[in-house]
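This report concerns only the one structure given below.
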4 protein chains.
Amino acid sequence: MNFEKVAIVGASGYSGEELVRLLGRHPQAQIVALTSRQHAGQLVETVFPKFAGQSYAKLAFIGSEISGVIQSGARVVFLALPHGVAAEFAKPLVEAGLKVIDLSADFRIKNPAIYEEFYGAPPHAPELSQQSVYGLPEIYRQEIQSAQLIASPGCYPTSIILPLHPLLKNYLIRPEGIVINSLSGVSGAGRNAQTELLYVECNESVRAYSSPKHRHLAEIEQELTLAFGAPVVINFTPHLIPVSRGIFTTIHATPAPGVDPETIFSCLTDTYEKEPFVRLLGPKGMPDTKNVTQTNFLDLAWRFDPRTGKIILFSAEDNLLKGASGQAVQSLNILCGWPETTGLL
Amino acid sequence: MNFEKVAIVGASGYSGEELVRLLGRHPQAQIVALTSRQHAGQLVETVFPKFAGQSYAKLAFIGSEISGVIQSGARVVFLALPHGVAAEFAKPLVEAGLKVIDLSADFRIKNPAIYEEFYGAPPHAPELSQQSVYGLPEIYRQEIQSAQLIASPGCYPTSIILPLHPLLKNYLIRPEGIVINSLSGVSGAGRNAQTELLYVECNESVRAYSSPKHRHLAEIEQELTLAFGAPVVINFTPHLIPVSRGIFTTIHATPAPGVDPETIFSCLTDTYEKEPFVRLLGPKGMPDTKNVTQTNFLDLAWRFDPRTGKIILFSAEDNLLKGASGQAVQSLNILCGWPETTGLL
Amino acid sequence: MNFEKVAIVGASGYSGEELVRLLGRHPQAQIVALTSRQHAGQLVETVFPKFAGQSYAKLAFIGSEISGVIQSGARVVFLALPHGVAAEFAKPLVEAGLKVIDLSADFRIKNPAIYEEFYGAPPHAPELSQQSVYGLPEIYRQEIQSAQLIASPGCYPTSIILPLHPLLKNYLIRPEGIVINSLSGVSGAGRNAQTELLYVECNESVRAYSSPKHRHLAEIEQELTLAFGAPVVINFTPHLIPVSRGIFTTIHATPAPGVDPETIFSCLTDTYEKEPFVRLLGPKGMPDTKNVTQTNFLDLAWRFDPRTGKIILFSAEDNLLKGASGQAVQSLNILCGWPETTGLL
Amino acid sequence: MNFEKVAIVGASGYSGEELVRLLGRHPQAQIVALTSRQHAGQLVETVFPKFAGQSYAKLAFIGSEISGVIQSGARVVFLALPHGVAAEFAKPLVEAGLKVIDLSADFRIKNPAIYEEFYGAPPHAPELSQQSVYGLPEIYRQEIQSAQLIASPGCYPTSIILPLHPLLKNYLIRPEGIVINSLSGVSGAGRNAQTELLYVECNESVRAYSSPKHRHLAEIEQELTLAFGAPVVINFTPHLIPVSRGIFTTIHATPAPGVDPETIFSCLTDTYEKEPFVRLLGPKGMPDTKNVTQTNFLDLAWRFDPRTGKIILFSAEDNLLKGASGQAVQSLNILCGWPETTGLL
């Protein structure tokens, strides 16, 4: 059994917190550095009281200097930083020969023009985006094995690409007219002290936002376009709902001409039945976020509506796990040649 | 200022509770009978402790016999009963010459075959369904004025028909490919002691249900088909989210050939700008259920997605008010010739 | 029916929002000025979208200059400002002969040393504190009638003083050993963008805070000491729980020597049975915040524990209504000679 | 590393569900039987969809016959059954020589008269109650090692006895006048389809209940009386708050004559600083249920109020883990001679 030294940069947000927990109890990863500008010098148990008593509770945060990360001896570095900031860290780490798993959007988008269209500024390190691997294990497992820079997917994209990718890749659904509605818990917005994220503002409240052009469309369409081999443009509406964690996604799509719904559903079964983190609930089951929160699973169910001819796909995941930190650790496992579920069940 | 005696039959569920509150403080309605099989003999303040101290707190429930309702002298009777049960009560009340406002689905569907398709049994009083008026004031205001039997709309249908009706009536959107996702609070399921409605089962949980054929499709499609003049078939997916009250609906539709999005939005503005209970938030605003709960308003906003050519409509309402009891009182006001907002602001 | 012009200074927090709602629909008060540093120039419906469609929705906020308030012609001014800031506004308004109802703590404490002990700085206008009336109508109704400056009580104190005041005043319970535990919704902390008030931090979370010396003890002990005629020192522990609104208070006290529990409970009944906003649930009922939120009622129940000899008192209120803005309007009604429930039922 | 075969009887409630999860992933326990009257024949993943994909997901429930449990070869049997029912199962299992860990109240109370006083009926197997060990590892660790029947403590009692036991045992606080207020999540009431446990009834609601004589007082007072060596009678008020999981307990007590608060706090530190599942937050920290839910920890903090002379103790735990199933597994670990934290961190 081999071990690997890992570092987490920017470990004080919700994704960082989950990385600390997952890597802290991971049987083969060893955390050698945790950085936080805000909490440098503090112990994990001080910053996250819920981790007191765990084996990793007495680890101390260091400042966010790259030199400290490199000197820690870490071989794999997780970046849990805001968009834009991650690129600054990734570059010297990659140059120093370290493996980097980035949870931000900085390296997800291959086309710089599309990045700029959706993120409002040119990418900071477009050459790195070219060499990065999109860290969705179910699709890029092989590439992840030898990647140096992994761009771990966004929370919404994971819940959307997994159901649609095999169907578009196999030309089973039409590429236009796909309508996606996602419902996300509030942790998706990060641990940011904003009025609109206050308890009283979110409780007993539901609202759509960022319609019609949420930033995650960039990576969703990139990956679905790659799958289909021709441009796929998506209707995507995210909603904020009063749960702490969890994303529920409902997708309406149209079978390609002459394609039977059963063929579509068989494709999903064939694609995912051996995947350790995709659970197929079939035509009668229904995902519920409470069944996936605190896990790295994505649950997937489907229906066919004979009245309208549409297929409807339902997925649920924990936005902080399969939608962020859990998936990043899944990539780590692949990268290190460990069983993919190590530390994740 | 004229007054009217009213009765509420089946007043112990969530809709009934709201009717008691709204009619209890209504300046022109006078509650002369409240019935409940379960609570006969008890006071309003015993059944609903939150109403203690209100002027109507000492009203006593009577049993659910029709004779008692008729003897009460009520001129208008609200039925807040389960589907199927309402019809039994409506028939003798209508025959006795009383006005009836029914909150169940029993009289909403004109076509008995469609009722049976969606409700699993033939309608109990199809002849009454023929003479009933669908109680959506923004569309049937004139018919409500002289109706004897009003079939008050369901909660989802209200949030869906109001945005779509004028657009289909004016042929501004295509009738096919409409995709509707609605998110409802748990009170929509009624005060029923079911495991799946327990706090622990609904909290931190999101799930779709009744896909692809929820019962409310029957009335949604009936009304949209009437508007368009040809069959309209809808994709509709309801979701249960952890709020007590509120429905949020997101609709994706396609402009009819040659129709500019601005024309569509102008139509909504023209149709509703003078409506007292429809608030237009336009292309920049966004409904939030917390702004409509405890009110009879439906909030409506819209977007155009130039990338996909779709228009997106967003509505929010309180499922128990504009989606049920508030709308029923709005119909009462019309029926009695009172200002439509009486007792509702 | 006489009318009165009123102003609200600092109307953009949660208490201010409730004042706008209550006074906006009040049949005899007329809002002539609303101030907000942050929202000057904006309409009520812009700042509070939920008020769109109401008669007061088009009122515009003005800046927070005192001159504007005075020029508005307001005769009564509500101050919904942070502690310390309120005093600056109150002074010139009082000097200009206006009536002031202050919702902050600035004028609640008569003894400057106690104010300083609990608030960490000397009072800004101690001479005004001397002439102010503590705005708890059930106790100071007569004084409120002719007050020029009303110091409206805090949310916790209202839920505590009302149950205990008559018992101490009549020497029915012992003044020492009183233990009070209160549970408050998150709106009690105000609309402040702080990390610890975020949805994710408060949801599925319960915690005590400010133990053993919460600021509200200053006014609680002041009023109970006045009632008893000798020092009363209290054990008080507030807790933050995941509801938006509502305070629940549980009090343990010991009957005075020779006093029968029934005498204690009779005293509560005698004191409050004619109060319009105190609902007595007796020895078998139990308050529930969901029955008092959105109302100006305080619900009160009691038990005697023969095993320990303690009496236990339970109260519930809406922290923003009976605990803040509703109570302030109750004082307005008294001040203006209107029926005390005007606009509050 | 030795292994042990275990069975869970009545595994379909919330406690049973947690037992399945904890024992299913326990490295040394092997589940050989799961019983449920309602779900006999179904798989774990059918009854608890969130466990799909786990190693124990394909275990099948058997019926609740004792013979099946005995034939399974289990050496330790967990009973997660309602009060009264557990005794029926325990008796034959104990007679068959199996070890039994019972999560009900059936064997917690040594004095049959007290059981009857609090539970309304005589105990079903008083002779077994005599030989049972109260399964609070921090107090009865040694007795648990050789117990045949463990009466695992209730959720409230765990959060109360742990803070108070050492203080009473060492005569550091006065035995009378102790006031305890506890706040519990809704899962404490079990997965029972009752109207008062519906989402809509519990959300935005807080209420006390079972005052002044909750059943858990029987075991609380029994254990505290044993600690003190003379009768201890407690004031205890439980409250239901809208969280799924978690108990927060606030205790007010008085130092014994001549005892310094620091002595009291040192006693807590000395008693618990080496305990693996008690985390001491001291005089500045404060428990928060969100830090203990999903863990087997009890967090403990304290204050001294020089104004009243009281000490205040605060504890938080997950009612389903340290308050039920986690603690039962902690006892299993002791019983089997495994490290006490096995499978619990």
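For the structure tokens, the naming scheme is as follows: chains receive sequential letters (A, B, ...) according to their order of presentation, residues are indexed from 1 within each chain, and ligands are indexed from 1 in presentation order.
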Enumerate, in order of chain and increasing residue number, the residues of chain A with an atom no farther than 12 Å from chain C, each with its shortest atom pair and distance in Å to one decimal, counting only C-alpha atoms, as CSV.
residue,atom,partner,partner_atom,distance
A:Gly13,CA,C:Thr195,CA,11.2
A:Tyr14,CA,C:Val200,CA,9.7
A:Phe48,CA,C:Glu201,CA,11.9
A:Gly185,CA,C:Val200,CA,8.8
A:Val186,CA,C:Val200,CA,6.5
A:Ser187,CA,C:Val200,CA,6.2
A:Gly188,CA,C:Val200,CA,9.8
A:Ala189,CA,C:Val200,CA,9.9
A:Gly190,CA,C:Val200,CA,9.2
A:Arg191,CA,C:Thr195,CA,7.0
A:Asn192,CA,C:Thr195,CA,6.6
A:Ala193,CA,C:Thr195,CA,4.7
A:Gln194,CA,C:Ala193,CA,5.1
A:Thr195,CA,C:Ala193,CA,4.7
A:Glu196,CA,C:Ala193,CA,8.3
A:Leu197,CA,C:Leu198,CA,5.7
A:Leu198,CA,C:Leu198,CA,4.1
A:Tyr199,CA,C:Tyr199,CA,3.6
A:Val200,CA,C:Ser244,CA,5.2
A:Glu201,CA,C:Tyr199,CA,8.0
A:Cys202,CA,C:Tyr199,CA,6.4
A:Asn203,CA,C:Ser244,CA,7.0
A:Glu204,CA,C:Ser244,CA,8.5
A:Ser205,CA,C:Ser244,CA,11.1
A:Leu240,CA,C:Tyr199,CA,11.6
A:Ile241,CA,C:Tyr199,CA,10.6
A:Pro242,CA,C:Tyr199,CA,8.0
A:Val243,CA,C:Val200,CA,8.0
A:Ser244,CA,C:Val200,CA,5.2
A:Arg245,CA,C:Val200,CA,8.4
A:Gly246,CA,C:Val200,CA,11.9
Mind dumping the selected residues with N, CA and C atoms as a compact mmCIF listing (two decimals), in the first residue's frame?
# COMPACT_ATOMS: atom_id res chain seq x y z
N GLY A 13 -12.95 27.43 3.10
CA GLY A 13 -14.32 27.51 2.59
C GLY A 13 -15.01 26.16 2.75
N TYR A 14 -16.22 26.05 2.20
CA TYR A 14 -16.96 24.80 2.36
C TYR A 14 -16.29 23.64 1.61
N PHE A 48 -12.35 24.60 12.31
CA PHE A 48 -13.51 23.71 12.11
C PHE A 48 -13.74 22.92 13.38
N GLY A 185 -28.60 23.71 -3.04
CA GLY A 185 -28.50 24.18 -1.67
C GLY A 185 -27.59 25.39 -1.56
N VAL A 186 -27.66 26.06 -0.42
CA VAL A 186 -27.01 27.37 -0.27
C VAL A 186 -25.50 27.25 -0.14
N SER A 187 -24.99 26.11 0.27
CA SER A 187 -23.53 26.00 0.38
C SER A 187 -22.85 26.16 -0.97
N GLY A 188 -23.60 25.97 -2.05
CA GLY A 188 -23.05 26.19 -3.38
C GLY A 188 -22.55 27.60 -3.60
N ALA A 189 -23.08 28.54 -2.84
CA ALA A 189 -22.66 29.93 -2.98
C ALA A 189 -21.44 30.26 -2.13
N GLY A 190 -20.92 29.28 -1.41
CA GLY A 190 -19.71 29.52 -0.62
C GLY A 190 -19.97 30.17 0.72
N ARG A 191 -18.91 30.19 1.53
CA ARG A 191 -19.01 30.78 2.87
C ARG A 191 -18.71 32.28 2.77
N ASN A 192 -19.63 32.98 2.11
CA ASN A 192 -19.44 34.41 1.87
C ASN A 192 -20.47 35.23 2.62
N ALA A 193 -20.01 36.20 3.37
CA ALA A 193 -20.91 37.01 4.20
C ALA A 193 -21.65 38.02 3.34
N GLN A 194 -22.69 37.52 2.65
CA GLN A 194 -23.52 38.40 1.82
C GLN A 194 -24.94 38.39 2.36
N THR A 195 -25.58 39.55 2.31
CA THR A 195 -26.94 39.66 2.84
C THR A 195 -27.86 38.61 2.23
N GLU A 196 -27.77 38.40 0.93
CA GLU A 196 -28.72 37.50 0.27
C GLU A 196 -28.53 36.04 0.63
N LEU A 197 -27.43 35.73 1.33
CA LEU A 197 -27.20 34.36 1.77
C LEU A 197 -27.52 34.16 3.25
N LEU A 198 -28.03 35.20 3.91
CA LEU A 198 -28.38 35.08 5.32
C LEU A 198 -29.50 34.05 5.52
N TYR A 199 -29.51 33.48 6.70
CA TYR A 199 -30.55 32.50 7.01
C TYR A 199 -31.94 33.04 6.70
N VAL A 200 -32.22 34.23 7.19
CA VAL A 200 -33.58 34.78 7.05
C VAL A 200 -33.93 35.05 5.60
N GLU A 201 -32.93 35.31 4.77
CA GLU A 201 -33.20 35.60 3.36
C GLU A 201 -33.39 34.33 2.54
N CYS A 202 -32.81 33.23 3.00
CA CYS A 202 -32.89 31.97 2.24
C CYS A 202 -33.97 31.03 2.75
N ASN A 203 -34.23 31.08 4.04
CA ASN A 203 -35.24 30.22 4.62
C ASN A 203 -36.62 30.59 4.05
N GLU A 204 -37.46 29.59 3.83
CA GLU A 204 -38.80 29.83 3.28
C GLU A 204 -38.73 30.69 2.01
N SER A 205 -37.76 30.41 1.18
CA SER A 205 -37.53 31.18 -0.04
C SER A 205 -37.09 30.24 -1.16
N LEU A 240 -32.08 28.54 -6.26
CA LEU A 240 -31.56 28.43 -4.90
C LEU A 240 -32.69 28.01 -3.97
N ILE A 241 -32.49 26.92 -3.25
CA ILE A 241 -33.54 26.44 -2.35
C ILE A 241 -32.97 26.26 -0.94
N PRO A 242 -33.86 26.29 0.06
CA PRO A 242 -33.36 26.27 1.44
C PRO A 242 -32.96 24.90 1.96
N VAL A 243 -31.88 24.39 1.43
CA VAL A 243 -31.18 23.25 2.03
C VAL A 243 -29.72 23.67 2.11
N SER A 244 -28.99 23.08 3.04
CA SER A 244 -27.58 23.41 3.13
C SER A 244 -26.80 22.78 1.98
N ARG A 245 -27.10 21.53 1.72
CA ARG A 245 -26.34 20.80 0.72
C ARG A 245 -27.26 20.05 -0.22
N GLY A 246 -26.76 19.81 -1.45
CA GLY A 246 -27.53 19.01 -2.38
C GLY A 246 -27.88 19.77 -3.64
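DSSP annotation of range 100-150 of chain A from backbone atoms: strand (DSSP E or B) residues are A:Val100, A:Ile101, A:Asp102, A:Val133, A:Tyr134, A:Leu149, A:Ile150.
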Deliver the residues from the most recent selection as a file, using C-alpha atoms, as a short mmCIF file (atom, residue, chain, number, x, y, z; two decimals), in the first residue's frame.
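Wrote it out as part-v6.cif, contents follow:
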data_model
loop_
_atom_site.label_atom_id
_atom_site.label_comp_id
_atom_site.auth_asym_id
_atom_site.auth_seq_id
_atom_site.Cartn_x
_atom_site.Cartn_y
_atom_site.Cartn_z
CA VAL A 100 -2.49 19.91 -9.13
CA ILE A 101 -6.20 19.24 -8.67
CA ASP A 102 -7.99 22.56 -9.03
CA VAL A 133 -7.78 17.30 -17.85
CA TYR A 134 -11.44 17.83 -17.00
CA LEU A 149 -3.29 19.40 -13.86
CA ILE A 150 -6.85 18.35 -13.20
#
What's around Thr271 in chain D at 12 Å? Count only C-alpha atoms, leave out sequence neighbours fewer than 4 positions away in its own chain, and write the answer as a list in words. Glu138, Ile139, Leu162, Pro163, Leu164, His165, Pro166, Leu167, Lys169, Asn170, Ile264, Phe265, Ser266, Cys267, Glu275, Pro276, Val278, Arg279 and Leu280 of chain D
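Distance check against Ser12 in chain C using only C-alpha atoms: of C:Ile109, C:Ala80, C:Ala29, C:Ile66, the minimum falls on C:Ala80.
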Enter the distance from CA of Leu79 in chain B to CA of Gly10 in chain B, in Å, rounded to one decimal. 6.5 Å
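The coordinates place CA of Ser132 in chain C at 11.8 Å from CA of Ala87 in chain C.
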So that I can check the surroundings of Gly258 in chain C, please list as an NGL selection string every protein, DNA and RNA residue that reaches within 12 Å of it, counting only C-alpha atoms and ignoring chain neighbours fewer than 2 positions away. :C and (171-174 or 254-256 or 260-264 or 309)
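Pairwise distance (CA of Asp305 in chain C, CA of Ala121 in chain D) equals 21.6 Å.
Checking D:Leu321, D:Phe51, D:Pro27, D:Leu183 one by one against Lys290 in chain A, counting only C-alpha atoms, you find the shortest gap at D:Phe51.
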Write out as a PyMOL selection string the set of residues from range 83-215 of chain D that DSSP, computed on the backbone, places in helix (DSSP H, G or I). chain D and resi 85-95+112-119+126-131+137-145+155-169+186-189+195-197+199-202
